[in-house]
Structures are given as structure tokens and as C-alpha cells.
Amino acid sequence: MATEKVKDPMGSMGFLEAAVKISHTSPDIPADVQLSMREHFLRRTQRMQRQTTEPASSTRHNSFKRHLPRQMQVSSLDLGNDYVPDKDEKPTSIGRIQPELYQQKTLDSEDSSKNGSSRNCGSINFSLKYDYENEALLVNILKAVDLPAKDLCGTSDPYVKVYLLPDRKKFQTRVHRKTLNPTFSESFQFPVPYEELAIRKLHMSIFDFDRFSRHDMIGEVVLDNLFETSDLSRETNIWRDIQYATSESVDLGEIMFSLCYLPTAGRLTLTVIKCRNLKAMDITGYSDPYVKVSLICDGRRLKKKKTSIKKNTLNPTYNEAIIFDIPPDSMDHVSLHISVMDYDLVGHNEIIGVMRVGCHAEGLGRDHWNEMLAYPRKPIAHWHPLLESKKSEKEWKARTASFDSQGSCPSPRPPASP
């Protein structure tokens with residue numbers, strides 16, 4: 001047997017052929033098949049040699065490699081030397097995140113939300129005419145069409161409130177039961193000089209009446225320019241789309257007061273001058289307003305003072321000064337919470353509107369405070385619009401601490417001597 005091995009001069013080539021031959025009695029495998037198998041064997045040997053030179057990786061890295069192809073292009077994967085891509089084949093992006101798809105979806109959702117917030121809720125038909133003899137604006141509410149259904153039965157019980165801003169006088173139509181296309185045909189008369197019509201706004205709020213709960217607001221229409229279509233010498237018929245709204249945007253009124261600070265004495269003086277166009281809180285169409293001012297320091301109410309009560313008026317005049325002693329080093333921590341209240345002899349007093357001034361206030365309240373500090377010993381007066389109270393009086397009392405009338409900021413320092 002040793003002599004047979006010496007006589008065999010084939011070498012590695014003979015070994016390969018001997019390996020692929022099943023027996024001496026079987027026919028030889030064709031040359032082209034043997035060539036392809038030899039190439040496959042050589043490629044496989046090269047891959048094994050390359051893999052043995054790679055550093056060993058931990059189990060954590062192996063798991064990362066298994067998940068990595070899902071986040072990469074398929075064309076970047078190592079498919080081995082035996083994979084030959086076609087010339088016409090293009091790299092794919094299977095499993096690749098495409099941000100533009102998500103961005104488009106986000107834009108679509110934003111557009112839909114904008115459309116939803118500005119959607120129409122039907123239309124309303126009304127007419128305007130000015131009565132020169134009586135110096136009054138005649139507003140005739142005619143009808144509304146295509147109102148949204150607010151009740152479970154698929155209908156609504158609509159009625160309309162009409163204002164001529166900035167006056168707080170309000171008119172209201174009758175309630176029409178179970179209809180989405182009511183016909184009102186009601187006229188209202190607003191006494192106003194013709195010269196003032198240019199600064200007036202007609203505001204109409206459409207509601208759904210509910211006997212046992214709060215009335216649902218359907219929408220509103222605001223006509224800023226009364227002379228938009230004519231000079232109102234003749235009756236002018238107008239159609240307007242009802243804009244979606246969840247609460248009335250009617251102004252609550254304005255308050256005018258001045259601020260003056262004396263740094264040497266540590267004294268802040270707020271002078272309540274007057275209010276105008278306040279919201280009517282009583283069934284008489286008027287209110288009994290007074291102003292309450294609270295001194296807030298680091299979220300705690302230290303003092304509160306109030307003005308006198310003015311009976312049956314929407315435009316009260318006070319000219320009353322309210323004084324607080326505040327050290328100069330505490331001015332950055334305090335603010336003033338101003339509430340215009342309606343006095344009720346029976347029951348709780350109602351809040352007409354509120355506003356706040358201080359370093360941490362917003363808008364005009366902050367600007368007024370900074371102007372006061374920039375010009376000490378000088379009264380600075382401004383008009384401020386009233387806002388709706390976001391918190392009830394009960395929640396406000398629970399959040400603030402009760403102090404006696406002589407309370408002051410925590411650990412106040414005495415003012416510097418003049």
C-alpha cells in the first residue's frame with residue numbers, strides 16, 4: 001500500500017478528484033461540474049481564513065449585529081463572495097426609516113387640526129339699518145341654516161345673543177325648538193350716534209338651549225366694520241358663516257389704574273381710577289362693581305384691600321388709592337392680583353374679570369410694572385383689559401395662605417433711610 005501512495009503523482013488535484021468520486025465503478029463527473037465545485041471549495045476556504053482573523057466579540061455585540069441589518073440598507077450587508085448582484089438590480093431601502101413619511105403625516109394632522117378649529121357651523125342671515133330720527137342701529141336677525149346638531153335626537157334648540165360692542169347691553173332671540181334651520185325674524189334697536197358706528201362691533205353668539213344643564217355654544221359671528229357693505233341708510237341684507245367657538249369672546253371690560261413706588265419709604269401706591277364697559281351681571285342689565293387688590297409674595301397672599309361699591313353701573317369711577325408697604329429687595333418677588341367683583345346682597349359676590357401686574361406677569365401687566373420701577377416716585381397709569389378668572393374663589397383661597405391685615409413678605413428688610 002505504501003508503494004501505491006508513492007506511485008500516485010496527483011497531489012492536491014488528485015486528492016480533490018478522489019474525494020468527489022464515489023467509486024471506481026461509477027462514471028467520471030464532467031469537467032465543468034468539477035471546475036465549479038473546485039471554485040466553490042476555494043471560496044469557502046478563503047472565507048474561513050478571513051473569519052479566523054476577526055477578533056472575538058461578546059454575546060452583547062453579536063445580538064447588536066443581528067439587529068443592525070434591520071436599520072441599514074440591504075445593499076450594505078455582507079452576503080459573501082458567492083453573491084453576484086445583477087447589473088439592473090438597484091439598492092433597496094427595506095427596513096430603513098424614512099423621516100419624510102412621518103413629516104408629511106405630521107403636516108397633514110396639523111392641517112386637519114387647523115381646519116377643525118376654524119370650521120364653519122352653518123350660516124346666519126341678518127340685516128342692518130340706521131334710524132337717523134331716533135339715532136339707533138336696527139339689527140334684524142332673520143334666520144340661520146345648516147346648524148350643527150347638539151342634542152341626542154339629531155337637532156338643536158337654537159337662539160341668538162346680540163351685542164353692539166363695546167357696550168354691554170345684550171338682546172336675545174326666542175328659542176326655536178328642534179330645528180337646524182330656524183327662522184327668527186326679530187328686530188333689536190341699539191341707541192348709538194352715527195359718528196360712533198365706525199368704532200363699534202356687532203357680535204352675535206348662537207347657542208343651543210338646554211333645560212337641565214349649561215347651554216352649548218354653537219358658534220359666533222363678529223362684524224368689525226359695520227359699513228362693510230353700505231352706509232346703512234337703507235336696510236342691508238348680510239349673510240355670514242358661523243365660526244366655531246366654545247365660549248363667548250365678548251369683552252369683560254377694562255380697568256384703569258396707576259402705579260407709583262417710593263423706594264426710600266418702601267411704599268407702593270395703586271390708585272384705582274375707573275372701569276368701563278363692564279359685563280352686566282344682574283338681571284337689570286347692570287352690575288354693582290367694586291375692585292379687590294391682593295398682594296402676592298412667592299405664591300402666598302399677604303394682604304387684600306378693596307374699593308367702595310358703585311351701584312347699578314357698568315362704567316364706575318373710583319379714584320381711590322390702595323397702599324402696600326413693600327421693601328425694595330422684595331419687589332422682585334411680589335405681584336398684585338386685581339379682581340373686579342359684582343356685589344350681591346344675597347349669595348356670593350361674582351367675579352367680572354381679573355388681571356395681574358408684577359415681574360412675573362404677562363403682557364401689559366409686566367410692562368406696566370417695569371415702567372413703574374424705571375420711573376420711581378412717578379404715577380404711571382394704563383388701561384388694562386379684564387380676563388376670565390381661571391380659578392374659582394374657593395380654589396384661590398385654598399392655594400393661598402391667610403395672613404392678617406398687617407402681613408408682609410417673609411423676612412423683610414427695613415427700607416434704607418432717606
# chains A, B, ... in the order shown; residues from 1 in each chain; ligands from 1
$ select_by_dssp --residues "segment 114-320 of chain A" --states "alpha helix (DSSP H)" --output "PyMOL selection string"
chain A and resi 114-117
$ select_by_dssp --residues "segment 233-271 of chain A" --states "strand (DSSP E or B)" --output "list in words"
Thr236, Asn237, Ile238, Trp239, Arg240, Asp241, Ile242, Gln243, Glu254, Ile255, Met256, Phe257, Ser258, Leu259, Cys260, Tyr261, Leu262, Arg267, Leu268, Thr269, Leu270 and Thr271 of chain A
$ residues_around --residues "Lys170 of chain A" --least-positions-apart "6" --cutoff "9 Å" --atoms "only C-alpha atoms" --output "count of residues only"
6
$ closest_residue --among "A:His384, A:His337, A:Lys279, A:Arg356" --to "Lys304 of chain A" --atoms "only C-alpha atoms"
A:His337
$ residues_around --residues "segment 258-260 of chain A" --least-positions-apart "2" --cutoff "7 Å" --atoms "only C-alpha atoms" --output "number ranges by chain"
A: 262, 268-272, 372, 376-382
$ atom_distance --atom1 "atom CA of Asp208 of chain A" --atom2 "atom CA of Thr179 of chain A"
10.3 Å
$ closest_residue --among "A:Asn225, A:Thr173, A:Thr246, A:Thr264" --to "Asp325 of chain A" --atoms "only C-alpha atoms"
A:Thr264
$ closest_residue --among "A:Asn315, A:Ser330, A:Ser233, A:Ser294" --to "Gly253 of chain A" --atoms "only C-alpha atoms"
A:Asn315
$ residues_around --residues "Pro385 of chain A" --least-positions-apart "3" --cutoff "9 Å" --atoms "only C-alpha atoms" --output "PyMOL selection string"
chain A and resi 251-256+353-355
$ write_last_selection --atoms "C-alpha atoms" --output "mmCIF file, in the first residue's frame"
data_model
loop_
_atom_site.group_PDB
_atom_site.id
_atom_site.type_symbol
_atom_site.label_atom_id
_atom_site.label_comp_id
_atom_site.auth_asym_id
_atom_site.auth_seq_id
_atom_site.Cartn_x
_atom_site.Cartn_y
_atom_site.Cartn_z
ATOM 1 C CA ASP A 251 -65.038 91.621 26.257
ATOM 2 C CA LEU A 252 -65.392 91.683 30.030
ATOM 3 C CA GLY A 253 -64.465 95.346 30.224
ATOM 4 C CA GLU A 254 -61.383 97.374 31.158
ATOM 5 C CA ILE A 255 -59.891 98.871 34.275
ATOM 6 C CA MET A 256 -57.659 101.921 34.571
ATOM 7 C CA GLY A 353 -62.810 89.846 35.425
ATOM 8 C CA VAL A 354 -59.247 89.736 36.724
ATOM 9 C CA MET A 355 -55.748 90.838 35.781
#
$ atom_distance --atom1 "atom CA of Arg174 of chain A" --atom2 "atom CA of His215 of chain A"
14.0 Å
$ residues_around --residues "Arg177 of chain A" --least-positions-apart "4" --cutoff "9 Å" --atoms "only C-alpha atoms" --output "PyMOL selection string"
chain A and resi 155-158+182+209
$ write_last_selection --atoms "N, CA and C atoms" --output "CSV table (one decimal), in the first residue's frame"
chain,number,residue,atom,x,y,z
A,155,THR,N,-81.0,67.1,16.6
A,155,THR,CA,-81.4,68.5,16.3
A,155,THR,C,-80.8,69.4,17.4
A,156,SER,N,-81.2,70.7,17.3
A,156,SER,CA,-80.8,71.7,18.3
A,156,SER,C,-82.0,72.6,18.7
A,157,ASP,N,-81.8,73.3,19.8
A,157,ASP,CA,-82.8,74.3,20.2
A,157,ASP,C,-82.1,75.7,20.2
A,158,PRO,N,-81.9,76.3,19.0
A,158,PRO,CA,-81.0,77.5,18.9
A,158,PRO,C,-81.7,78.8,19.3
A,182,PRO,N,-83.5,77.5,11.9
A,182,PRO,CA,-84.5,78.3,12.5
A,182,PRO,C,-84.8,79.6,11.7
A,209,PHE,N,-80.1,75.8,23.4
A,209,PHE,CA,-80.8,75.8,24.8
A,209,PHE,C,-80.9,74.4,25.4
$ residues_around --residues "segment 183-190 of chain A" --least-positions-apart "4" --cutoff "6 Å" --atoms "only C-alpha atoms" --output "PyMOL selection string"
chain A and resi 136-143
$ closest_residue --among "A:Pro316, A:Ser335, A:Asn237, A:Ile326" --to "Arg301 of chain A" --atoms "only C-alpha atoms"
A:Ser335
